[in-house]
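One structure below.
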Amino acid sequence: MKIKAVSYPYVAWALLFIAIPLGLIVYFAFTDTAGSFTVDNIIQAGRYSNVLMKSIWLSAISTAICLVMGYPIAYYMSRSSAMVSGTILLLIMLPMWMNFLLRTYGWMSILENNGIINQIFGVFGLGPFEMINTQGAVVLGMVYNYIPFMILPLNSVMTKIGKDVIEAAQDLGASPARVLSEVVLPLSLPGIKTGIIMVFVPAVSTFIISQMLGGGGNQLIGDIIELQFLGNAYNPNLGSAISLVLMLLVMLIMSVSGFLNDDDLEEKLL
Amino acid sequence: MKTFAKTYLGVFMAFLYAPIFVLIIFSFNESKGRTFTGFTWKWYSALFHDAAIMDALLTTLIVAITASVFATVMGTAAAVGLNRMEGKFRSGIMGLTYLPILNPEIITGVSFMLLFVVAKNALNSVGVPFQFGWATLIIAHITFNVPYVILNVLPKLRQMDGSLVDAAMDLGCSHWQAFYKVVIHEIRPGIVSGFLMALTFSLDDFVVSYFTTGAKHQTLSVLIYAMTKKRVSPKINAISTLLFVVVLIVLIAVNLVERRNINRNRQAVRDRKKEED
Amino acid sequence: MNDIIISLQGISAEYDGEKVIDKLNLDIRDHEFVTFLGPSGCGKTTTLRIIGGFVEPTEGDVFFEGKKITDVPAFKRNINTVFQRYALFPHLNVYDNIAFGLKLKKVPKEHIKIQVEEMLKLVNLEGYEMRKINQLSGGQQQRVAIARALINKPKVLLLDEPLGALDLKLRKEMQMELKRIQQALGITFIYVTHDQEEALTMSDRVLVMRKGKILQSGSPEDIYNEPVNAFVADFIGESNIIGGVMLDDYLVEFAGVKFECEDSGFSRMEAVDVVIRPEDFRMVSVDEGQIIGKVESVIFKGVHFEIIVEGHGLQWMIHSTQSREVGDMIGMTLTPNDIHVMRKMEGRR
């Protein structure tokens with residue numbers, strides 16, 4: 001009996017529901033409404049290059065903030081007892097289990113013109129400040145939603161740095177700062193790489209956070225795609241072209257960073 | 001240094017939980033506005049009397065459970081087969097398997113939408129009724145769930161001592177008996193975590209559901225999205241609070257079970273050591 | 001010869017496209033304790049797995065009591081295996097592990113109980129029924145693995161380096177134990193190991209394998225005393241292996257000295273390997289020695305001293321109960337009986 005055969009139902013499923021749909025994106029990107037070949041959609045997609053640049057820019061800022069904010073947390077966890085780091089991990093995961101729409105909605109209540117922060121300022125006779133519907137609010141939303149994806153891989157890499165390695169560095173005369181810069185930082189580079197990709201990819205393609213926190217004036221590339229499929233601008237061909245560009249961008253970043261070639265790809269994705 | 005670290009950790013946690021606590025507090029707010037005017041349960045009772053929300057909750061549960069059960073069975077079978085494969089065919093299938101995880105969610109969402117639109121046009125033109133609805137939702141959810149099952153089960157299969165299967169066959173098991181008498185026990189942690197992951201992602205999913213849902217039944221997340229567009233709707237606060245409580249209870253329960261298992265294993269190892277001494 | 005229980009005829013096998021067994025022929029008699037001995041990668045485990053039914057040979061046939069079983073799957077063969085790392089089922093306790101095979105055969109419960117108890121007694125594990133596998137030591141796991149295989153009353157038991165994971169003391173103990181069990185049950189044991197001492201201690205017959213071929217088959221004494229070539233000699237015990245030339249029947253020259261020997265049938269001036277066991281040298285005074293050299297090192301090994309002597313441009317290893325001082329000049333002599341002349345092996349390391 002061929003044991004391999006038990007995977008064939010999935011193989012068929014994957015071809016039908018993974019390969020073909022992605023093939024359809026390519027097909028629609030290069031055809032017009034009548035179904036004949038055209039590169040018009042790709043050219044039109046070029047009109048949104050400024051939106052794409054803005055998406056990349058805001059995601060890059062968010063990713064950098066996540067790294068700076070998350071690294072000390074991950075480091076602290078890796079140096080704590082299993083009990084403490086387990087509890088911190090749980091506390092970080094807990095909000096993740098709530099739908100991101102709800103979490104983002106919570107930020108709306110905080111940032112709005114009549115929201116919590118402006119009410120507090122109001123007590124001192126300040127404001128109201130315009131916080132929601134700004135690029136800053138979009139970045140905040142991205143950082144808030146995706147920072148766990150930075151901390152988790154960082155933490156798993158740093159936990160694997162043995163205590164003995166740290167102690168060896170101390171034994172050889174390294175100060176805590178030197179231990180961090182000479183030992184921990186270089187050894188945690190794989191985690192940094194994974195974290196950057198895990199934050200950047202969902203951030204650059206988001207379309208809800210920008211709508212909820214950025215208002216109408218801060219559309220990102222995800223919003224443009226959504227508009228072509230479910231919005232007033234209904235144009236799946238153009239939408240497919242933009243999607244194709246976004247997909248290639250993401251794949252390019254992943255392969256350039258070597259993210260896809262690592263042996264532990266499976267582990268990283270879970 | 002220590003106090004600095006702890007302060008930073010505290011500030012970070014405040015940042016993480018601020019929006020959630022805001023939601024919880026305002027779920028008990030008498031007025032719809034942003035100022036707390038008095039305590040009330042009324043949004044909760046409104047929630048349970050809202051037919052649309054209750055329908056969405058049911059839809060979400062049905063879709064998530066159906067999709068994750070189906071994905072677990074298909075994914076486990078796929079992993080068993082893939083584990084025996086080598087070469088180009090295997091890497092091709094694994095590549096396909098990674099795609100739904102690696103791709104931005106919105107790409108997965110619109111790709112399904114394209115497929116179902118094409119399928120709908122084709123089927124309707126030959127007189128077969130087909131619409132966006134249960135089928136599209138569940139197919140989409142199965143598809144993005146299966147990879148998580150496969151990625152959880154495959155490592156367990158690889159870690160498994162290959163001679164266990166040999167031993168089972170040596171003692172008289174057929175292939176199938178060897179699977180359900182031995183292999184399944186070895187890979188069960190992978191199957192369970194794969195299933196739970198699939199269930200969680202399914203329950204939580206918004207983007208893919210958004211692009212594949214029909215007009216009749218919506219998932220909770222799609223409904224919430226519609227509600228957030230209205231900006232002020234205190235029922236969302238109530239939903240958030242309930243979800244938070246549920247998640248909290250589940251996580252604490254899972255944690256307790258895990259700790260008990262770890263302790264039990266430690267005890268077993270200690271017993272053995274004592275005996276060897 | 002109708003007591004042959006297993007017969008391999010012209011067996012070849014490949015692993016990752018590489019030939020690991022090359023047209024192997026072998027007969028194993030009933031009640032025999034046979035050991036495949038060889039370095040890793042010699043094909044010994046693959047041969048065992050072919051007999052067990054876990055590997056299909058690319059050519060050749062396997063016979064069991066005269067019947068061809070090449071295409072019979074593992075679970076239908078009346079042969080059981082003790083695996084290298086035991087392969088006990090972690091989700092089952094000791095009782096259920098041992099009962100596994102009988103339960104598959106739908107043996108009535110009360111019979112299973114009796115037989116499991118018998119087996120536990122055989123392997124000295126009475127009272128361990130309800131233990132979990134992870135609560136057992138390595139040696140105990142080993143015993144459960146043996147009981148689990150034997151309860152099916154196989155005519156042949158295959159053992160794949162079963163003692164490899166145990167420490168030295170336990171290993172010695174289990175060697176005796178296995179021999180006792182084999183004699184008590186009177187069934188055929190086919191044993192795989194890379195440990196020459198283990199092979200010599202336990203077996204009725206040792207098969208030395210290299211590169212998918214059987215180099216020598218014989219009793220432990222034969223293998224040790226009359227190795228067929230330098231590889232076998234080197235693998236079984238320690239040896240001095242020296243290049244030499246056969247001058248005539250019963251006359252060999254090596255290290256620039258002519259020696260009488262007991263070997264004949266070589267062509268004149270044929271290059272040969274000469275094997276001398278380190279314990280066969282006699283140390284004598286310099287003027288009495290056939291070979292003369294200077295003591296380079298002396299290491300105490302417990303029962304004997306290992307003395308390395310440099311002489312005639314070669315290094316000689318001597319095992320002796322007497323010691324010498326480093327730097328001493330000594331002589332060494334050999335009797336014809338101590339000199340084993342062998343044909344040069346092609347492709348020797």
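Naming works like this for the structure tokens: A, B, ... for the chains as they're shown, residue 1 at the start of each chain, ligands 1 onward in shown order.
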Point to revise | Residues within 9 Å of B:Met160, only C-alpha atoms, excluding chain neighbours under 6 positions, as an NGL selection string | key: :B and (183 or 186-187)
Can you spit out the residues from that selection as a tab-separated table (two decimals), in the first residue's frame, using C-alpha atoms?
```
chain	number	residue	atom	x	y	z
B	183	VAL	CA	1.24	6.60	15.31
B	186	GLU	CA	2.62	9.74	19.11
B	187	ILE	CA	1.47	12.67	17.00
```
Point to revise | Residues within 10 Å of stretch 112-117 of chain C, only C-alpha atoms, excluding chain neighbours under 4 positions, as an NGL selection string | key: :C and (94-103 or 106-108 or 121-122 or 125-129 or 147-148 or 151-152)
Check your understanding: atom CA of A:Ser188 to atom CA of A:Thr87: how many Å, to one decimal?
Key ->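 Distance between the two atoms: 21.7 Å.
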Check your understanding: What are the DSSP alpha helix (DSSP H) residues of stretch 80-169 of chain C, as a ChimeraX atom specification?
Key -> /C:94-104,109-122,138-150,168-169
Keeping only C-alpha atoms, write the selected residues to a file as a PDB file, in the first residue's frame.
```pdb
ATOM      1  CA  VAL C  94       4.446  -2.470  30.392  1.00  0.00           C
ATOM      2  CA  TYR C  95       1.559  -4.941  30.353  1.00  0.00           C
ATOM      3  CA  ASP C  96      -0.078  -3.479  27.258  1.00  0.00           C
ATOM      4  CA  ASN C  97       3.221  -3.255  25.435  1.00  0.00           C
ATOM      5  CA  ILE C  98       3.898  -6.926  25.995  1.00  0.00           C
ATOM      6  CA  ALA C  99       0.294  -7.920  25.253  1.00  0.00           C
ATOM      7  CA  PHE C 100       0.232  -5.876  22.040  1.00  0.00           C
ATOM      8  CA  GLY C 101       0.880  -8.730  19.615  1.00  0.00           C
ATOM      9  CA  LEU C 102      -1.527 -11.148  21.279  1.00  0.00           C
ATOM     10  CA  LYS C 103      -4.306  -8.566  21.393  1.00  0.00           C
ATOM     11  CA  LEU C 104      -3.942  -8.106  17.644  1.00  0.00           C
ATOM     12  CA  LYS C 109      -7.914 -12.014  27.728  1.00  0.00           C
ATOM     13  CA  GLU C 110      -7.216 -14.638  30.357  1.00  0.00           C
ATOM     14  CA  HIS C 111      -4.692 -16.357  28.078  1.00  0.00           C
ATOM     15  CA  ILE C 112      -2.975 -13.046  27.429  1.00  0.00           C
ATOM     16  CA  LYS C 113      -2.694 -12.451  31.150  1.00  0.00           C
ATOM     17  CA  ILE C 114      -1.068 -15.818  31.766  1.00  0.00           C
ATOM     18  CA  GLN C 115       1.383 -15.397  28.926  1.00  0.00           C
ATOM     19  CA  VAL C 116       2.353 -11.851  29.870  1.00  0.00           C
ATOM     20  CA  GLU C 117       3.096 -13.040  33.382  1.00  0.00           C
ATOM     21  CA  GLU C 118       5.213 -15.875  31.986  1.00  0.00           C
ATOM     22  CA  MET C 119       7.148 -13.405  29.865  1.00  0.00           C
ATOM     23  CA  LEU C 120       7.705 -10.997  32.738  1.00  0.00           C
ATOM     24  CA  LYS C 121       9.080 -13.911  34.720  1.00  0.00           C
ATOM     25  CA  LEU C 122      11.348 -14.895  31.848  1.00  0.00           C
ATOM     26  CA  GLY C 138      17.245   1.465  30.002  1.00  0.00           C
ATOM     27  CA  GLY C 139      17.873  -2.090  31.094  1.00  0.00           C
ATOM     28  CA  GLN C 140      14.254  -2.592  32.101  1.00  0.00           C
ATOM     29  CA  GLN C 141      13.016  -1.153  28.813  1.00  0.00           C
ATOM     30  CA  GLN C 142      15.303  -3.602  27.075  1.00  0.00           C
ATOM     31  CA  ARG C 143      13.710  -6.492  28.940  1.00  0.00           C
ATOM     32  CA  VAL C 144      10.204  -5.296  28.069  1.00  0.00           C
ATOM     33  CA  ALA C 145      11.206  -5.092  24.408  1.00  0.00           C
ATOM     34  CA  ILE C 146      12.453  -8.678  24.520  1.00  0.00           C
ATOM     35  CA  ALA C 147       9.307  -9.896  26.274  1.00  0.00           C
ATOM     36  CA  ARG C 148       7.087  -8.030  23.811  1.00  0.00           C
ATOM     37  CA  ALA C 149       8.770  -9.783  20.895  1.00  0.00           C
ATOM     38  CA  LEU C 150       9.008 -13.245  22.467  1.00  0.00           C
ATOM     39  CA  LEU C 168      29.176  -1.403  30.091  1.00  0.00           C
ATOM     40  CA  LYS C 169      28.226  -3.243  33.278  1.00  0.00           C
TER      41      LYS C 169
END
```
Any chance you could tabulate, as a tab-separated table, the residues of stretch 32-100 of chain A at most 6 Å from stretch 142-156 of chain A with each one's nearest atom pair and distance in Å to one decimal, using only C-alpha atoms, in chain and rising number order?
```
residue	atom	partner	partner_atom	distance
A:Ser62	CA	A:Val143	CA	5.4
A:Cys66	CA	A:Ile147	CA	5.3
A:Gly70	CA	A:Ile151	CA	5.3
A:Ala74	CA	A:Asn155	CA	4.7
```
Could you write out that same residue set with all heavy atoms as a PDB file, in the first residue's frame?
```pdb
ATOM      1  N   SER A  62       6.616  51.484  11.722  1.00  0.00           N
ATOM      2  CA  SER A  62       5.982  50.639  12.735  1.00  0.00           C
ATOM      3  C   SER A  62       6.882  49.473  13.110  1.00  0.00           C
ATOM      4  O   SER A  62       7.027  49.124  14.287  1.00  0.00           O
ATOM      5  CB  SER A  62       4.656  50.087  12.218  1.00  0.00           C
ATOM      6  OG  SER A  62       3.844  51.134  11.786  1.00  0.00           O
ATOM      7  N   CYS A  66       8.364  48.618  16.713  1.00  0.00           N
ATOM      8  CA  CYS A  66       8.128  47.319  17.335  1.00  0.00           C
ATOM      9  C   CYS A  66       9.440  46.710  17.810  1.00  0.00           C
ATOM     10  O   CYS A  66       9.523  46.136  18.901  1.00  0.00           O
ATOM     11  CB  CYS A  66       7.467  46.352  16.344  1.00  0.00           C
ATOM     12  SG  CYS A  66       5.714  46.640  16.133  1.00  0.00           S
ATOM     13  N   GLY A  70      10.024  46.169  21.524  1.00  0.00           N
ATOM     14  CA  GLY A  70       9.876  44.751  21.855  1.00  0.00           C
ATOM     15  C   GLY A  70      11.165  44.084  22.315  1.00  0.00           C
ATOM     16  O   GLY A  70      11.133  43.168  23.122  1.00  0.00           O
ATOM     17  N   ALA A  74      11.635  41.198  25.197  1.00  0.00           N
ATOM     18  CA  ALA A  74      12.077  39.836  24.902  1.00  0.00           C
ATOM     19  C   ALA A  74      13.334  39.498  25.700  1.00  0.00           C
ATOM     20  O   ALA A  74      13.480  38.389  26.219  1.00  0.00           O
ATOM     21  CB  ALA A  74      12.332  39.676  23.406  1.00  0.00           C
TER      22      ALA A  74
END
```
